[in-house]
file upload13.json (JSON, C-alpha atoms)
[["chain", "number", "residue", "atom", "x", "y", "z"],
["Y", 1, "MET", "CA", 26.01, -96.30, -40.38],
["Y", 2, "ASN", "CA", 29.01, -95.32, -38.24],
["Y", 3, "ILE", "CA", 29.81, -91.77, -37.10],
["Y", 4, "GLU", "CA", 32.86, -90.36, -35.31],
["Y", 5, "CYS", "CA", 32.97, -87.57, -32.74],
["Y", 6, "PRO", "CA", 35.20, -84.78, -34.15],
["Y", 7, "HIS", "CA", 36.23, -83.84, -30.61],
["Y", 8, "CYS", "CA", 37.13, -87.07, -28.83],
["Y", 9, "HIS", "CA", 37.28, -89.25, -32.02],
["Y", 10, "MET", "CA", 35.09, -91.92, -30.53],
["Y", 11, "GLY", "CA", 33.10, -93.93, -33.12],
["Y", 12, "TYR", "CA", 29.46, -94.80, -32.76],
["Y", 13, "ASP", "CA", 26.74, -96.58, -34.68],
["Y", 14, "LEU", "CA", 24.30, -93.96, -35.87],
["Y", 15, "ASP", "CA", 21.37, -95.96, -34.58],
["Y", 16, "ASP", "CA", 22.92, -96.01, -31.07],
["Y", 17, "ILE", "CA", 22.99, -92.20, -30.73],
["Y", 18, "VAL", "CA", 20.03, -91.28, -32.93],
["Y", 19, "HIS", "CA", 18.04, -90.55, -29.78],
["Y", 20, "THR", "CA", 20.38, -87.56, -29.07],
["Y", 21, "LEU", "CA", 19.67, -85.89, -32.41],
["Y", 22, "LYS", "CA", 18.66, -82.27, -31.96],
["Y", 23, "LYS", "CA", 18.73, -79.49, -34.53],
["Y", 24, "GLY", "CA", 21.01, -81.44, -36.91],
["Y", 25, "HIS", "CA", 23.49, -82.58, -34.22],
["Y", 26, "PHE", "CA", 24.06, -85.67, -32.12],
["Y", 27, "LYS", "CA", 25.45, -85.55, -28.62],
["Y", 28, "CYS", "CA", 28.65, -87.44, -27.96],
["Y", 29, "PRO", "CA", 28.07, -89.87, -25.02],
["Y", 30, "VAL", "CA", 31.74, -89.56, -24.02],
["Y", 31, "CYS", "CA", 32.67, -85.84, -24.22],
["Y", 32, "GLY", "CA", 29.14, -84.49, -24.37],
["Y", 33, "LYS", "CA", 29.91, -82.23, -27.32],
["Y", 34, "LYS", "CA", 27.94, -81.91, -30.56],
["Y", 35, "ILE", "CA", 28.49, -84.28, -33.50],
["Y", 36, "PRO", "CA", 27.19, -82.91, -36.83],
["Y", 37, "SER", "CA", 24.80, -85.33, -38.58],
["Y", 38, "PRO", "CA", 26.03, -86.47, -42.01],
["Y", 39, "LEU", "CA", 22.47, -87.06, -43.22],
["Y", 40, "ALA", "CA", 20.77, -84.43, -45.39],
["Y", 41, "GLU", "CA", 17.38, -84.96, -43.80],
["Y", 42, "HIS", "CA", 18.90, -84.10, -40.46],
["Y", 43, "GLN", "CA", 20.41, -80.87, -41.85],
["Y", 44, "GLU", "CA", 16.97, -79.57, -42.93],
["Y", 45, "SER", "CA", 15.94, -79.45, -39.32],
["Y", 46, "THR", "CA", 18.85, -77.15, -38.53],
["Y", 47, "PRO", "CA", 17.50, -73.90, -37.02],
["Y", 48, "PRO", "CA", 17.74, -70.70, -39.04],
["Y", 49, "ALA", "CA", 20.72, -68.43, -38.84],
["Y", 50, "PRO", "CA", 20.98, -66.51, -35.54],
["Y", 51, "ILE", "CA", 19.62, -63.31, -37.09],
["Y", 52, "GLY", "CA", 16.49, -65.15, -38.14],
["Y", 53, "LYS", "CA", 15.41, -66.05, -34.63],
["Y", 54, "TYR", "CA", 15.17, -62.35, -33.65],
["Y", 55, "LEU", "CA", 13.12, -61.22, -36.63],
["Y", 56, "ALA", "CA", 9.76, -62.43, -35.32],
["Y", 57, "PRO", "CA", 9.98, -60.62, -31.93],
["Y", 58, "VAL", "CA", 11.14, -57.46, -33.70],
["Y", 59, "PHE", "CA", 8.18, -57.51, -36.07],
["Y", 60, "ILE", "CA", 5.80, -58.14, -33.15],
["Y", 61, "LEU", "CA", 7.23, -55.18, -31.21],
["Y", 62, "LEU", "CA", 7.01, -52.89, -34.24],
["Y", 63, "GLY", "CA", 3.38, -53.90, -34.68],
["Y", 64, "ILE", "CA", 2.57, -53.02, -31.09],
["Y", 65, "VAL", "CA", 4.26, -49.62, -31.42],
["Y", 66, "ALA", "CA", 2.39, -48.89, -34.65],
["Y", 67, "ALA", "CA", -0.91, -49.79, -33.01],
["Y", 68, "PHE", "CA", -0.39, -47.44, -30.05],
["Y", 69, "THR", "CA", 0.74, -44.66, -32.41],
["Y", 70, "ALA", "CA", -2.39, -45.00, -34.48],
["Y", 71, "ILE", "CA", -4.59, -44.94, -31.36],
["Y", 72, "TYR", "CA", -2.86, -41.79, -30.07],
["Y", 73, "PHE", "CA", -3.13, -39.74, -33.25],
["Y", 74, "LEU", "CA", -6.50, -41.00, -34.40],
["Y", 75, "ALA", "CA", -8.27, -40.68, -31.05],
["Y", 76, "PRO", "CA", -10.77, -37.72, -30.95],
["Y", 77, "ALA", "CA", -9.33, -34.53, -29.34],
["Y", 78, "ASP", "CA", -10.58, -33.59, -25.87],
["Y", 79, "LYS", "CA", -12.92, -30.70, -26.35],
["Y", 80, "THR", "CA", -12.93, -29.69, -22.65],
["Y", 81, "PRO", "CA", -11.13, -26.35, -22.29],
["Y", 82, "PRO", "CA", -8.10, -26.43, -20.01],
["Y", 83, "ALA", "CA", -8.43, -25.07, -16.51],
["Y", 84, "ALA", "CA", -7.63, -21.39, -16.13],
["Y", 85, "THR", "CA", -3.98, -20.91, -15.41],
["Y", 86, "ALA", "CA", -3.11, -18.61, -12.56],
["Y", 87, "VAL", "CA", -1.20, -15.54, -13.70],
["Y", 88, "ALA", "CA", 1.81, -14.59, -11.68],
["Y", 89, "PRO", "CA", 1.42, -11.24, -9.87],
["Y", 90, "ALA", "CA", 4.19, -9.70, -11.93],
["Y", 91, "MET", "CA", 2.24, -10.41, -15.11],
["Y", 92, "MET", "CA", -1.05, -8.95, -13.91],
["Y", 93, "PRO", "CA", -2.17, -5.76, -15.63],
["Y", 94, "PRO", "CA", -1.82, -2.63, -13.48],
["Y", 95, "SER", "CA", -4.86, -1.99, -11.32],
["Y", 96, "SER", "CA", -6.69, 1.28, -11.51],
["Y", 97, "SER", "CA", -7.09, 1.35, -7.72],
["Y", 98, "PRO", "CA", -4.20, 2.52, -5.48],
["Y", 99, "PRO", "CA", -1.89, -0.10, -3.98],
["Y", 100, "PRO", "CA", -2.65, -1.25, -0.42],
["Y", 101, "ALA", "CA", 0.09, 1.01, 0.95],
["Y", 102, "GLN", "CA", -1.91, 4.04, -0.23],
["Y", 103, "VAL", "CA", -5.23, 2.91, 1.22],
["Y", 104, "ILE", "CA", -5.67, 4.78, 4.48],
["Y", 105, "ALA", "CA", -7.74, 3.11, 7.15],
["Y", 106, "ALA", "CA", -9.44, 4.97, 9.95],
["Y", 107, "PRO", "CA", -7.63, 4.62, 13.31],
["Y", 108, "ALA", "CA", -8.88, 1.95, 15.68],
["Y", 109, "SER", "CA", -10.23, 4.60, 18.04],
["Y", 110, "LEU", "CA", -12.26, 6.09, 15.21],
["Y", 111, "THR", "CA", -13.78, 2.78, 14.16],
["Y", 112, "SER", "CA", -14.51, 1.37, 17.60],
["Y", 113, "GLN", "CA", -18.11, 2.45, 17.06],
["Y", 114, "ALA", "CA", -18.19, 1.23, 13.48],
["Y", 115, "ALA", "CA", -21.47, 1.68, 11.67],
["Y", 116, "PRO", "CA", -23.30, -1.41, 10.35],
["Y", 117, "PRO", "CA", -22.69, -2.31, 6.70],
["Y", 118, "GLY", "CA", -24.37, 0.11, 4.34],
["Y", 119, "LEU", "CA", -24.17, 3.14, 6.62],
["Y", 120, "GLN", "CA", -21.80, 6.04, 5.95],
["Y", 121, "VAL", "CA", -18.34, 5.81, 7.53],
["Y", 122, "PRO", "CA", -16.94, 8.89, 9.35],
["Y", 123, "ASP", "CA", -16.01, 11.70, 6.93],
["Y", 124, "LYS", "CA", -12.90, 13.85, 7.21],
["Y", 125, "MET", "CA", -14.56, 16.39, 9.49],
["Y", 126, "GLN", "CA", -15.56, 13.69, 11.94],
["Y", 127, "ILE", "CA", -12.05, 12.23, 11.90],
["Y", 128, "VAL", "CA", -10.47, 15.66, 12.49],
["Y", 129, "ALA", "CA", -12.80, 16.38, 15.40],
["Y", 130, "ARG", "CA", -12.18, 12.98, 17.00],
["Y", 131, "ILE", "CA", -8.38, 13.27, 16.64],
["Y", 132, "ALA", "CA", -8.40, 16.76, 18.19],
["Y", 133, "ALA", "CA", -10.58, 15.69, 21.13],
["Y", 134, "GLU", "CA", -8.70, 12.47, 21.87],
["Y", 135, "PHE", "CA", -5.33, 14.21, 21.59],
["Y", 136, "HIS", "CA", -6.43, 16.85, 24.09],
["Y", 137, "LYS", "CA", -7.55, 14.16, 26.55],
["Y", 138, "SER", "CA", -4.16, 12.44, 26.54],
["Y", 139, "HIS", "CA", -1.75, 15.42, 26.25],
["Y", 140, "SER", "CA", -1.04, 18.49, 28.38],
["Y", 141, "TYR", "CA", 0.62, 21.75, 27.47],
["Y", 142, "THR", "CA", 3.53, 22.27, 29.86],
["Y", 143, "LEU", "CA", 6.44, 24.68, 29.83],
["Y", 144, "ALA", "CA", 8.11, 22.72, 32.61],
["Y", 145, "GLY", "CA", 8.25, 19.59, 30.49],
["Y", 146, "ASP", "CA", 9.03, 21.57, 27.34],
["Y", 147, "PHE", "CA", 6.00, 20.06, 25.56],
["Y", 148, "VAL", "CA", 4.56, 23.19, 24.04],
["Y", 149, "CYS", "CA", 2.28, 24.23, 21.18],
["Y", 150, "LEU", "CA", 4.88, 23.41, 18.52],
["Y", 151, "ASP", "CA", 5.24, 19.81, 19.71],
["Y", 152, "MET", "CA", 1.48, 19.41, 19.97],
["Y", 153, "ALA", "CA", 0.90, 20.82, 16.47],
["Y", 154, "ILE", "CA", 3.49, 18.44, 15.00],
["Y", 155, "ASP", "CA", 1.88, 15.46, 16.73],
["Y", 156, "VAL", "CA", -1.63, 16.25, 15.48],
["Y", 157, "TRP", "CA", -0.31, 17.03, 11.98],
["Y", 158, "ASN", "CA", 1.29, 13.59, 11.90],
["Y", 159, "GLN", "CA", -1.96, 11.87, 12.86],
["Y", 160, "LEU", "CA", -3.94, 13.73, 10.21],
["Y", 161, "ARG", "CA", -1.44, 12.85, 7.49],
["Y", 162, "THR", "CA", -1.40, 9.23, 8.64],
["Y", 163, "TYR", "CA", -5.15, 9.03, 8.01],
["Y", 164, "GLY", "CA", -4.92, 10.64, 4.59],
["Y", 165, "ILE", "CA", -5.96, 14.19, 5.47],
["Y", 166, "GLU", "CA", -3.84, 16.93, 3.93],
["Y", 167, "ALA", "CA", -2.64, 19.36, 6.59],
["Y", 168, "LYS", "CA", -0.25, 22.25, 7.21],
["Y", 169, "ILE", "CA", 1.47, 23.39, 10.38],
["Y", 170, "MET", "CA", 0.91, 27.11, 10.99],
["Y", 171, "GLY", "CA", 3.03, 29.55, 12.96],
["Y", 172, "GLY", "CA", 2.02, 33.08, 13.86],
["Y", 173, "ASN", "CA", 0.21, 35.24, 16.36],
["Y", 174, "ILE", "CA", -3.52, 34.65, 16.93],
["Y", 175, "LYS", "CA", -3.81, 37.47, 19.47],
["Y", 176, "GLU", "CA", -3.03, 40.25, 17.01],
["Y", 177, "ASN", "CA", -4.38, 41.42, 13.68],
["Y", 178, "ILE", "CA", -1.39, 40.77, 11.43],
["Y", 179, "THR", "CA", -3.00, 42.10, 8.24],
["Y", 180, "ALA", "CA", -1.00, 45.35, 8.35],
["Y", 181, "TRP", "CA", 2.27, 43.71, 9.43],
["Y", 182, "ASN", "CA", 5.28, 43.11, 7.21],
["Y", 183, "TYR", "CA", 7.06, 39.75, 7.14],
["Y", 184, "ARG", "CA", 9.80, 40.71, 9.61],
["Y", 185, "GLN", "CA", 7.29, 41.81, 12.19],
["Y", 186, "LEU", "CA", 5.29, 38.63, 11.70],
["Y", 187, "ALA", "CA", 8.42, 36.50, 12.04],
["Y", 188, "ARG", "CA", 9.57, 38.34, 15.19],
["Y", 189, "GLU", "CA", 6.11, 38.36, 16.80],
["Y", 190, "SER", "CA", 5.18, 34.75, 16.01],
["Y", 191, "ASN", "CA", 4.58, 32.98, 19.31],
["Y", 192, "HIS", "CA", 2.16, 30.14, 18.59],
["Y", 193, "ALA", "CA", 1.71, 27.04, 16.43],
["Y", 194, "TRP", "CA", -1.41, 25.14, 15.34],
["Y", 195, "VAL", "CA", -2.67, 23.02, 12.41],
["Y", 196, "VAL", "CA", -4.88, 23.69, 9.38],
["Y", 197, "ALA", "CA", -6.53, 20.63, 7.78],
["Y", 198, "LYS", "CA", -7.87, 20.53, 4.22],
["Y", 199, "LEU", "CA", -11.20, 18.71, 4.03],
["Y", 200, "SER", "CA", -11.86, 19.44, 0.35],
["Y", 201, "PRO", "CA", -10.47, 21.73, -2.36],
["Y", 202, "THR", "CA", -12.59, 24.58, -0.96],
["Y", 203, "GLU", "CA", -12.96, 23.73, 2.73],
["Y", 204, "LYS", "CA", -10.39, 24.05, 5.52],
["Y", 205, "VAL", "CA", -10.56, 23.95, 9.29],
["Y", 206, "ALA", "CA", -8.03, 24.88, 11.95],
["Y", 207, "ILE", "CA", -7.17, 22.81, 15.02],
["Y", 208, "GLU", "CA", -6.15, 24.54, 18.23],
["Y", 209, "THR", "CA", -4.11, 21.59, 19.46],
["Y", 210, "THR", "CA", -3.56, 22.99, 22.97],
["Y", 211, "ALA", "CA", -7.34, 22.97, 23.58],
["Y", 212, "GLY", "CA", -8.50, 20.14, 21.29],
["Y", 213, "VAL", "CA", -10.84, 22.52, 19.45],
["Y", 214, "VAL", "CA", -11.70, 22.53, 15.75],
["Y", 215, "ILE", "CA", -12.16, 26.05, 14.38],
["Y", 216, "LYS", "CA", -14.29, 26.58, 11.27],
["Y", 217, "PRO", "CA", -14.30, 29.70, 9.11],
["Y", 218, "GLY", "CA", -16.90, 32.14, 10.41],
["Y", 219, "MET", "CA", -16.42, 31.28, 14.07],
["Y", 220, "ASN", "CA", -15.26, 33.91, 16.55],
["Y", 221, "ASN", "CA", -11.62, 34.88, 15.89],
["Y", 222, "ALA", "CA", -11.44, 32.14, 13.24],
["Y", 223, "SER", "CA", -9.68, 34.37, 10.68],
["Y", 224, "ALA", "CA", -6.57, 34.60, 12.88],
["Y", 225, "TYR", "CA", -6.07, 30.84, 12.51],
["Y", 226, "PHE", "CA", -5.87, 31.04, 8.72],
["Y", 227, "LYS", "CA", -3.13, 33.70, 8.72],
["Y", 228, "GLY", "CA", 0.52, 33.32, 9.59],
["Y", 229, "ILE", "CA", 3.42, 31.32, 8.18],
["Y", 230, "GLU", "CA", 2.54, 28.00, 6.55],
["Y", 231, "PHE", "CA", 4.84, 24.96, 6.84],
["Y", 232, "ASP", "CA", 4.53, 21.71, 4.88],
["Y", 233, "ASN", "CA", 6.18, 19.44, 7.44],
["Y", 234, "PRO", "CA", 7.78, 19.38, 10.90],
["Y", 235, "GLY", "CA", 11.29, 19.82, 9.50],
["Y", 236, "GLU", "CA", 10.43, 23.24, 8.08],
["Y", 237, "ILE", "CA", 8.84, 24.67, 11.23],
["Y", 238, "LYS", "CA", 11.63, 23.26, 13.41],
["Y", 239, "ARG", "CA", 14.17, 25.09, 11.26],
["Y", 240, "PHE", "CA", 12.12, 28.29, 11.48],
["Y", 241, "ASP", "CA", 11.85, 27.87, 15.25],
["Y", 242, "SER", "CA", 15.62, 27.50, 15.55],
["Y", 243, "LEU", "CA", 16.26, 30.63, 13.48],
["Y", 244, "TRP", "CA", 13.52, 32.50, 15.38],
["Y", 245, "LYS", "CA", 15.10, 31.70, 18.76],
["Y", 246, "LYS", "CA", 18.54, 32.77, 17.54],
["Y", 247, "THR", "CA", 17.14, 36.00, 16.10],
["Y", 248, "ASN", "CA", 15.31, 36.91, 19.28],
["Y", 249, "GLU", "CA", 18.37, 36.19, 21.38],
["Y", 250, "VAL", "CA", 20.72, 38.29, 19.26],
["Y", 251, "CYS", "CA", 18.30, 41.15, 18.64],
["Y", 252, "ARG", "CA", 17.31, 41.25, 22.31],
["Y", 253, "ASP", "CA", 20.99, 41.64, 23.25],
["Y", 254, "ALA", "CA", 21.35, 44.47, 20.72],
["Y", 255, "SER", "CA", 18.28, 46.23, 22.18],
["Y", 256, "GLN", "CA", 19.63, 45.93, 25.71],
["Y", 257, "LEU", "CA", 22.98, 47.40, 24.67],
["Y", 258, "ILE", "CA", 21.23, 50.30, 22.96],
["Y", 259, "ASN", "CA", 19.04, 50.95, 26.01],
["Y", 260, "ASP", "CA", 22.08, 50.86, 28.26],
["Y", 261, "TRP", "CA", 23.82, 53.37, 25.97],
["Y", 262, "ASN", "CA", 20.87, 55.73, 26.02],
["Y", 263, "GLU", "CA", 20.50, 55.54, 29.78],
["Y", 264, "ASN", "CA", 24.12, 55.51, 30.93],
["Y", 265, "VAL", "CA", 26.27, 57.06, 28.23],
["Y", 266, "VAL", "CA", 24.35, 59.74, 26.34],
["Y", 267, "GLY", "CA", 24.83, 63.16, 28.02],
["Y", 268, "LYS", "CA", 27.38, 61.86, 30.50],
["Y", 269, "GLN", "CA", 31.11, 62.23, 30.66],
["Y", 270, "ARG", "CA", 32.86, 58.94, 29.83],
["Y", 271, "ARG", "CA", 36.41, 58.03, 29.01],
["Y", 272, "SER", "CA", 36.79, 57.95, 25.26],
["Y", 273, "GLU", "CA", 38.16, 54.40, 25.15],
["Y", 274, "GLU", "CA", 35.17, 53.06, 27.13],
["Y", 275, "THR", "CA", 32.77, 54.90, 24.84],
["Y", 276, "ILE", "CA", 34.45, 53.55, 21.74],
["Y", 277, "ALA", "CA", 34.30, 49.97, 23.07],
["Y", 278, "LYS", "CA", 30.58, 50.25, 23.84],
["Y", 279, "GLN", "CA", 29.88, 51.69, 20.40],
["Y", 280, "ALA", "CA", 31.80, 48.88, 18.73],
["Y", 281, "ARG", "CA", 29.91, 46.24, 20.69],
["Y", 282, "ILE", "CA", 26.56, 47.81, 19.88],
["Y", 283, "GLY", "CA", 27.45, 48.02, 16.20],
["Y", 284, "GLN", "CA", 28.46, 44.35, 16.07],
["Y", 285, "ARG", "CA", 25.34, 43.16, 17.86],
["Y", 286, "LYS", "CA", 23.11, 45.22, 15.59],
["Y", 287, "GLN", "CA", 24.78, 43.60, 12.58],
["Y", 288, "ASP", "CA", 24.29, 40.14, 14.11],
["Y", 289, "CYS", "CA", 20.60, 40.95, 14.61],
["Y", 290, "GLU", "CA", 20.29, 41.98, 10.96],
["Y", 291, "ASN", "CA", 21.99, 38.78, 9.79],
["Y", 292, "THR", "CA", 19.65, 36.52, 11.75],
["Y", 293, "LEU", "CA", 16.63, 38.45, 10.46],
["Y", 294, "ASN", "CA", 17.90, 37.88, 6.93],
["Y", 295, "ASN", "CA", 18.05, 34.14, 7.65],
["Y", 296, "LEU", "CA", 14.36, 34.19, 8.55],
["Y", 297, "GLU", "CA", 13.62, 35.55, 5.06],
["Y", 298, "GLU", "CA", 13.89, 31.93, 3.89],
["Y", 299, "PHE", "CA", 10.21, 31.48, 4.81],
["Y", 300, "LYS", "CA", 8.93, 34.83, 3.58],
["Y", 301, "SER", "CA", 7.03, 33.26, 0.67],
["Y", 302, "ARG", "CA", 5.03, 31.14, 3.13],
["Y", 303, "ALA", "CA", 3.51, 34.15, 4.91],
["Y", 304, "ILE", "CA", -0.28, 34.60, 4.67],
["Y", 305, "PHE", "CA", -1.66, 37.99, 5.78],
["Y", 306, "TYR", "CA", -5.26, 37.79, 4.54]]

call {"tool": "encode", "arguments": {"input": "upload13.json", "output": "structure tokens"}}
result
Amino acid sequence: MNIECPHCHMGYDLDDIVHTLKKGHFKCPVCGKKIPSPLAEHQESTPPAPIGKYLAPVFILLGIVAAFTAIYFLAPADKTPPAATAVAPAMMPPSSSPPPAQVIAAPASLTSQAAPPGLQVPDKMQIVARIAAEFHKSHSYTLAGDFVCLDMAIDVWNQLRTYGIEAKIMGGNIKENITAWNYRQLARESNHAWVVAKLSPTEKVAIETTAGVVIKPGMNNASAYFKGIEFDNPGEIKRFDSLWKKTNEVCRDASQLINDWNENVVGKQRRSEETIAKQARIGQRKQDCENTLNNLEEFKSRAIFY
């Protein structure tokens, strides 16, 4: 049986090219292109349509996916509880204990002889006594250097507050019994500063910062240290001190003018214009003294007489 190549139109005997038959086509020996077989038996060996050759791999892949899905969902659940998850600090419930910033540690000098674990740490009285003694060792009262009782009281007050001990700075006069004084006399006659520390709601001690001595109620002259004008912080007593210095300066000038008048003017002949000038100056200085005394009234409610 003869067959012709549809591409190059070369004719061949079917038996001569039967060896090139593949999937219903012969291969043209001249142009190398496919020649469809005219025989029906050759057409039956034609491969399936292109879509058919992909069906088997698709079904295999779907089977694999289905198998893994079944294993995943049908496998027994892990009964082991998950590890505890760390909670971010911001989500932690508020602690009942104070934050670290409020925890007050004893100073290094107070813990250098730290007791072994289980023994009592120094109480407030011990801390106050140690602060007073150590401050006295390293500081000197000196008018020449202008480091006086006020500066020393402020320094010790600051140390006490740093270690969590409530304290007040006191101003007054420990050499006199001020019980019968009024506020103006107390303000004018105040010439010293010290500190009072609160150890408990019912217990206080005074610290004479110039001597490094702790004064307890009942000691000799102790009552004088618990009377005077009480200040909550250095700013308040510094303001009082500034007003006190101004008052003393102005009122001292007024007193000197009055004394000069009594000694040199009263009972003596003076020109009227000179007398009038002196009287005017005295009157003005007396008013200035009164004004500065009124400014000191700002701290009247802080006075303690008993």

call {"tool": "closest_residue", "arguments": {"input": "upload13.json", "among": "Y:Glu134, Y:Asp123, Y:Glu263, Y:Glu273", "to": "Y:Ser200", "atoms": "all atoms listed in the file"}}
result
Y:Asp123

call {"tool": "residues_near_point", "arguments": {"input": "upload13.json", "point": "(30.3, 49.7, 23.2)", "cutoff": "12 Å", "atoms": "only C-alpha atoms", "output": "ChimeraX atom specification"}}
result
/Y:254,256-262,264-265,270-286

call {"tool": "residues_around", "arguments": {"input": "upload13.json", "residues": "Y:Lys227", "least_positions_apart": "3", "cutoff": "12 Å", "atoms": "all atoms listed in the file", "output": "ChimeraX atom specification"}}
result
/Y:168-181,183,186,190,192-196,206,217,221-224,230-231,302-306

call {"tool": "atom_distance", "arguments": {"input": "upload13.json", "atom1": "atom CA of Y:Trp244", "atom2": "atom CA of Y:Glu208"}}
result
21.4 Å

call {"tool": "residues_near_point", "arguments": {"input": "upload13.json", "point": "(18.4, -85.0, -30.1)", "cutoff": "12 Å", "atoms": "only C-alpha atoms", "output": "PyMOL selection string"}}
result
chain Y and resi 16-29+34-37+42+45-46

call {"tool": "build_atoms", "arguments": {"input": "upload13.json", "residues": "stretch 195-208 of chain Y", "atoms": "N, CA and C atoms", "output": "PDB file, keeping the file's coordinate frame"}}
result
ATOM      1  N   VAL Y 195      -2.574  23.820  13.639  1.00  0.00           N
ATOM      2  CA  VAL Y 195      -2.670  23.020  12.410  1.00  0.00           C
ATOM      3  C   VAL Y 195      -3.893  23.459  11.612  1.00  0.00           C
ATOM      4  N   VAL Y 196      -3.753  23.464  10.284  1.00  0.00           N
ATOM      5  CA  VAL Y 196      -4.880  23.690   9.380  1.00  0.00           C
ATOM      6  C   VAL Y 196      -5.040  22.436   8.523  1.00  0.00           C
ATOM      7  N   ALA Y 197      -6.244  21.850   8.539  1.00  0.00           N
ATOM      8  CA  ALA Y 197      -6.530  20.630   7.780  1.00  0.00           C
ATOM      9  C   ALA Y 197      -7.400  20.961   6.573  1.00  0.00           C
ATOM     10  N   LYS Y 198      -7.112  20.308   5.457  1.00  0.00           N
ATOM     11  CA  LYS Y 198      -7.870  20.530   4.220  1.00  0.00           C
ATOM     12  C   LYS Y 198      -8.871  19.387   4.050  1.00  0.00           C
ATOM     13  N   LEU Y 199     -10.155  19.722   4.147  1.00  0.00           N
ATOM     14  CA  LEU Y 199     -11.200  18.710   4.030  1.00  0.00           C
ATOM     15  C   LEU Y 199     -11.612  18.479   2.584  1.00  0.00           C
ATOM     16  N   SER Y 200     -11.521  19.515   1.770  1.00  0.00           N
ATOM     17  CA  SER Y 200     -11.860  19.440   0.350  1.00  0.00           C
ATOM     18  C   SER Y 200     -11.119  20.576  -0.346  1.00  0.00           C
ATOM     19  N   PRO Y 201     -11.158  20.636  -1.669  1.00  0.00           N
ATOM     20  CA  PRO Y 201     -10.470  21.730  -2.360  1.00  0.00           C
ATOM     21  C   PRO Y 201     -10.905  23.121  -1.926  1.00  0.00           C
ATOM     22  N   THR Y 202     -12.082  23.246  -1.349  1.00  0.00           N
ATOM     23  CA  THR Y 202     -12.590  24.580  -0.960  1.00  0.00           C
ATOM     24  C   THR Y 202     -12.881  24.713   0.537  1.00  0.00           C
ATOM     25  N   GLU Y 203     -12.596  23.705   1.312  1.00  0.00           N
ATOM     26  CA  GLU Y 203     -12.960  23.730   2.730  1.00  0.00           C
ATOM     27  C   GLU Y 203     -11.764  23.391   3.610  1.00  0.00           C
ATOM     28  N   LYS Y 204     -11.468  24.268   4.568  1.00  0.00           N
ATOM     29  CA  LYS Y 204     -10.390  24.050   5.520  1.00  0.00           C
ATOM     30  C   LYS Y 204     -10.907  24.327   6.933  1.00  0.00           C
ATOM     31  N   VAL Y 205     -10.286  23.670   7.889  1.00  0.00           N
ATOM     32  CA  VAL Y 205     -10.560  23.950   9.290  1.00  0.00           C
ATOM     33  C   VAL Y 205      -9.234  24.019  10.030  1.00  0.00           C
ATOM     34  N   ALA Y 206      -9.228  24.777  11.123  1.00  0.00           N
ATOM     35  CA  ALA Y 206      -8.030  24.880  11.950  1.00  0.00           C
ATOM     36  C   ALA Y 206      -8.225  24.066  13.219  1.00  0.00           C
ATOM     37  N   ILE Y 207      -7.115  23.550  13.760  1.00  0.00           N
ATOM     38  CA  ILE Y 207      -7.170  22.810  15.020  1.00  0.00           C
ATOM     39  C   ILE Y 207      -6.276  23.499  16.034  1.00  0.00           C
ATOM     40  N   GLU Y 208      -6.908  23.982  17.113  1.00  0.00           N
ATOM     41  CA  GLU Y 208      -6.150  24.540  18.230  1.00  0.00           C
ATOM     42  C   GLU Y 208      -5.741  23.339  19.092  1.00  0.00           C
TER      43      GLU Y 208
END
